[in-house]
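Below: one structure, written as structure tokens.
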Amino acid sequence: MSVDARLREGCHPSVSLLPHGGHNDRCDGLLDDDALESSSVVANCAMNRERSLSGSNGYGRELGLDIIAELTDRSAGAACVRWLDLCCGSGRALAEAARLLTGRNVAGRIEIVGLDLVDHFVAGPFPPVLRLVTGSVAEWVPDGRFDLITCVHGLHYVGDKLGTLARVASWLTEDGLFAANFDAHSVRRADGTPAGRRLTAELRRQGFVYDAARRRISRRGGGEIRLSHRYLGADDQAGPNYTGQPAVDSFYEPFGC
């Protein structure tokens, strides 16, 4: 039976009502956030464990963005520039950036924060500019806004992808930049079909730029985002996505339906 049919039989569409820490049999085995974060697909994700700042699979290539140039340019006219990297893996790329910026004598005006669900970080010591934090993207609350927010292939393993995009938008400074890998195909309706062009059109109306060919999403400037979708839960058995690695599909129902 489809997720849509089970919802009509009485399964509440709010993920907060899924059985805590387990599968929801009434909703075709969708996982809540706690269960998803314990999933082997998410916990064992090696996507960013050894990713570097540059090179063939570095941040620059994956995001189409020169991180060091972005931070350096911003630091020229600011007292402090803050970069947040979500799902940072081992933090190797961030440690490289911190050392490069320290060598350029701009580190005193830059702060780098890396967040990851698992604390398998590279060994320090690190320059004072860098802080690596263990936590969930779904629950972590920042202590301020950021001028640059990145997420390299991390959204593939997040349950409420749309909710995360909305939260990220609220964390940006007025002229802040968000850049991430995002596969719109992983956002599904309750019946299991991809949300498709209606989703990407809504994201664009909300101020995001979606590059379907490169599967990247970006945004300039912070703001309040109100997406018209209710999160139902996640499927950690979706199989490999375009990267060739196992990923997570996220299920939603439009508000008002």
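Following the order of the structure tokens, chains are lettered A, B, ..., residues in each are numbered from 1, and ligands are numbered from 1.
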
Legend entry - Non-local contacts of Leu162 in chain A (12 Å; only C-alpha atoms; under 5 positions in same chain excluded) as a PyMOL selection string: chain A and resi 138+155-156+167-169+182-184+186-188+195+199-200+202-203+206+208+217+225-233+249-253

Inset, instruction - Might you pull out every residue within 8 Å of Val113 in chain A, with only C-alpha atoms counted and same-chain residues fewer than 4 positions away left off, and present them as a PyMOL selection string? - result: chain A and resi 82-85+130-133

Legend entry - Contacts of Ser40 in chain A at 12 Å (only C-alpha atoms; same-chain gap of 2+ positions) as a list of chain:residue names: A:Ala35, A:Leu36, A:Glu37, A:Ser38, A:Val42, A:Ala43, A:Asn44, A:Cys45, A:Ala46, A:Tyr157, A:Asp236, A:Gln237, A:Pro246, A:Ala247, A:Val248

Let me see the file: selected residues, N, CA and C atoms, as a PDB file, in the first residue's frame.
ATOM      1  N   ALA A  35      15.468   7.906  14.314  1.00  0.00           N
ATOM      2  CA  ALA A  35      15.749   6.613  13.697  1.00  0.00           C
ATOM      3  C   ALA A  35      16.659   6.774  12.484  1.00  0.00           C
ATOM      4  N   LEU A  36      16.419   7.812  11.697  1.00  0.00           N
ATOM      5  CA  LEU A  36      17.247   8.032  10.505  1.00  0.00           C
ATOM      6  C   LEU A  36      18.702   8.257  10.881  1.00  0.00           C
ATOM      7  N   GLU A  37      18.932   9.037  11.925  1.00  0.00           N
ATOM      8  CA  GLU A  37      20.306   9.352  12.317  1.00  0.00           C
ATOM      9  C   GLU A  37      21.038   8.137  12.873  1.00  0.00           C
ATOM     10  N   SER A  38      20.272   7.093  13.256  1.00  0.00           N
ATOM     11  CA  SER A  38      20.876   5.837  13.703  1.00  0.00           C
ATOM     12  C   SER A  38      21.015   4.836  12.568  1.00  0.00           C
ATOM     13  N   VAL A  42      23.161   6.491   7.030  1.00  0.00           N
ATOM     14  CA  VAL A  42      23.578   7.819   7.467  1.00  0.00           C
ATOM     15  C   VAL A  42      24.829   7.750   8.332  1.00  0.00           C
ATOM     16  N   ALA A  43      24.836   6.859   9.315  1.00  0.00           N
ATOM     17  CA  ALA A  43      25.945   6.774  10.253  1.00  0.00           C
ATOM     18  C   ALA A  43      27.247   6.358   9.578  1.00  0.00           C
ATOM     19  N   ASN A  44      27.144   5.527   8.548  1.00  0.00           N
ATOM     20  CA  ASN A  44      28.350   5.026   7.882  1.00  0.00           C
ATOM     21  C   ASN A  44      28.702   5.797   6.628  1.00  0.00           C
ATOM     22  N   CYS A  45      28.014   6.914   6.394  1.00  0.00           N
ATOM     23  CA  CYS A  45      28.281   7.691   5.191  1.00  0.00           C
ATOM     24  C   CYS A  45      29.728   8.152   5.159  1.00  0.00           C
ATOM     25  N   ALA A  46      30.436   7.808   4.087  1.00  0.00           N
ATOM     26  CA  ALA A  46      31.843   8.181   3.953  1.00  0.00           C
ATOM     27  C   ALA A  46      32.028   9.307   2.951  1.00  0.00           C
ATOM     28  N   TYR A 157      21.657  12.854   2.914  1.00  0.00           N
ATOM     29  CA  TYR A 157      21.468  12.007   4.088  1.00  0.00           C
ATOM     30  C   TYR A 157      20.610  12.668   5.160  1.00  0.00           C
ATOM     31  N   ASP A 236      15.489   5.291   4.195  1.00  0.00           N
ATOM     32  CA  ASP A 236      16.936   5.068   4.095  1.00  0.00           C
ATOM     33  C   ASP A 236      17.277   3.878   3.197  1.00  0.00           C
ATOM     34  N   GLN A 237      16.254   3.300   2.557  1.00  0.00           N
ATOM     35  CA  GLN A 237      16.475   2.183   1.640  1.00  0.00           C
ATOM     36  C   GLN A 237      16.208   2.591   0.196  1.00  0.00           C
ATOM     37  N   PRO A 246      24.576   5.049  -1.595  1.00  0.00           N
ATOM     38  CA  PRO A 246      23.234   4.963  -1.001  1.00  0.00           C
ATOM     39  C   PRO A 246      22.835   6.305  -0.401  1.00  0.00           C
ATOM     40  N   ALA A 247      21.586   6.691  -0.588  1.00  0.00           N
ATOM     41  CA  ALA A 247      21.115   7.993  -0.118  1.00  0.00           C
ATOM     42  C   ALA A 247      19.737   7.836   0.517  1.00  0.00           C
ATOM     43  N   VAL A 248      19.169   8.959   0.931  1.00  0.00           N
ATOM     44  CA  VAL A 248      17.903   8.980   1.652  1.00  0.00           C
ATOM     45  C   VAL A 248      16.875   9.772   0.862  1.00  0.00           C
TER      46      VAL A 248
END

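With only C-alpha atoms as the atoms that count, the residue of A:Gly114, A:Pro125, A:Gly244, A:Gly159 with the shortest distance to Ser39 in chain A is A:Gly159.
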
Inset, instruction - Based on DSSP run over this structure's backbone, return all residues of range 17-209 of chain A in alpha helix (DSSP H), as a ChimeraX atom specification. - result: /A:33-37,40-43,59-63,67-75,92-103,161-171,196-205

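Using only C-alpha atoms, the shortest contact distance between Ala179 in chain A and any of A:Asn241, A:Ser52, A:Ser218, A:Asn57 is found at A:Ser218.
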
Legend entry - Those in range 1-204 of chain A with strand (DSSP E) from DSSP, as a PyMOL selection string: chain A and resi 23-24+30-31+81-86+110-116+130-134+146-151+172-181+187-189

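Note that the spacing between CA of Phe126 in chain A and CA of Ala95 in chain A amounts to 6.6 Å.
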
Inset, instruction - Provide the CA of Arg99 in chain A to CA of Val129 in chain A distance in Å, to one decimal place. - result: 8.9 Å

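Using only C-alpha atoms, the shortest contact distance between Thr150 in chain A and any of A:Val122, A:Leu63, A:Ala238, A:Ala201 is found at A:Leu63.
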
Inset, instruction - Just the residues within 12 Å of Gly55 in chain A, please, counting only C-alpha atoms, with nothing from its chain fewer than 5 positions along; format it as a list in words. - result: Glu50, Gly60, Arg61, Glu62, Gly64, Asp66 and Ala93 of chain A

With all heavy atoms kept, could you save the residues just selected as a tab-separated table (two decimals), in the first residue's frame?
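So the final result, stored in out32.tsv, reads:
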chain	number	residue	atom	x	y	z
A	50	GLU	N	37.05	12.16	3.92
A	50	GLU	CA	38.40	12.58	3.56
A	50	GLU	C	38.41	13.64	2.47
A	50	GLU	O	39.42	13.85	1.81
A	50	GLU	CB	39.23	11.37	3.12
A	50	GLU	CG	39.38	10.29	4.19
A	50	GLU	CD	40.02	10.82	5.46
A	50	GLU	OE1	40.92	11.69	5.36
A	50	GLU	OE2	39.63	10.39	6.56
A	60	GLY	N	35.77	23.01	-3.97
A	60	GLY	CA	35.69	23.91	-5.11
A	60	GLY	C	35.03	23.27	-6.31
A	60	GLY	O	34.15	23.86	-6.95
A	61	ARG	N	35.41	22.04	-6.61
A	61	ARG	CA	34.84	21.34	-7.76
A	61	ARG	C	33.37	20.98	-7.51
A	61	ARG	O	32.53	21.15	-8.40
A	61	ARG	CB	35.65	20.07	-8.04
A	61	ARG	CG	35.12	19.26	-9.22
A	61	ARG	CD	35.92	17.98	-9.40
A	61	ARG	NE	35.41	17.17	-10.49
A	61	ARG	CZ	35.78	17.27	-11.76
A	61	ARG	NH1	36.67	18.19	-12.10
A	61	ARG	NH2	35.28	16.50	-12.69
A	62	GLU	N	33.06	20.50	-6.32
A	62	GLU	CA	31.71	20.04	-6.04
A	62	GLU	C	30.69	21.18	-5.97
A	62	GLU	O	29.54	21.03	-6.36
A	62	GLU	CB	31.68	19.24	-4.73
A	62	GLU	CG	32.50	17.97	-4.75
A	62	GLU	CD	32.03	16.99	-5.81
A	62	GLU	OE1	30.82	16.96	-6.10
A	62	GLU	OE2	32.87	16.25	-6.36
A	64	GLY	N	31.44	24.44	-7.19
A	64	GLY	CA	31.70	25.50	-8.17
A	64	GLY	C	32.03	26.81	-7.50
A	64	GLY	O	31.65	27.89	-7.99
A	66	ASP	N	35.12	28.98	-5.10
A	66	ASP	CA	36.44	29.10	-4.50
A	66	ASP	C	36.25	29.61	-3.07
A	66	ASP	O	36.04	30.80	-2.85
A	66	ASP	CB	37.30	30.06	-5.31
A	66	ASP	CG	38.75	30.12	-4.83
A	66	ASP	OD1	38.98	29.91	-3.63
A	66	ASP	OD2	39.63	30.42	-5.66
A	93	ALA	N	38.75	19.49	5.01
A	93	ALA	CA	38.74	20.68	4.16
A	93	ALA	C	38.74	21.96	4.98
A	93	ALA	O	39.39	22.95	4.62
A	93	ALA	CB	37.53	20.65	3.22

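Between CA of Cys80 in chain A and CA of Ile110 in chain A there is a distance of 5.4 Å.
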
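Comparing the minimum interatomic distances between Leu101 in chain A and each of A:Ala234, A:Ile149, A:Leu165, A:Ala69, counting only C-alpha atoms, we find that A:Ala69 sits nearest.
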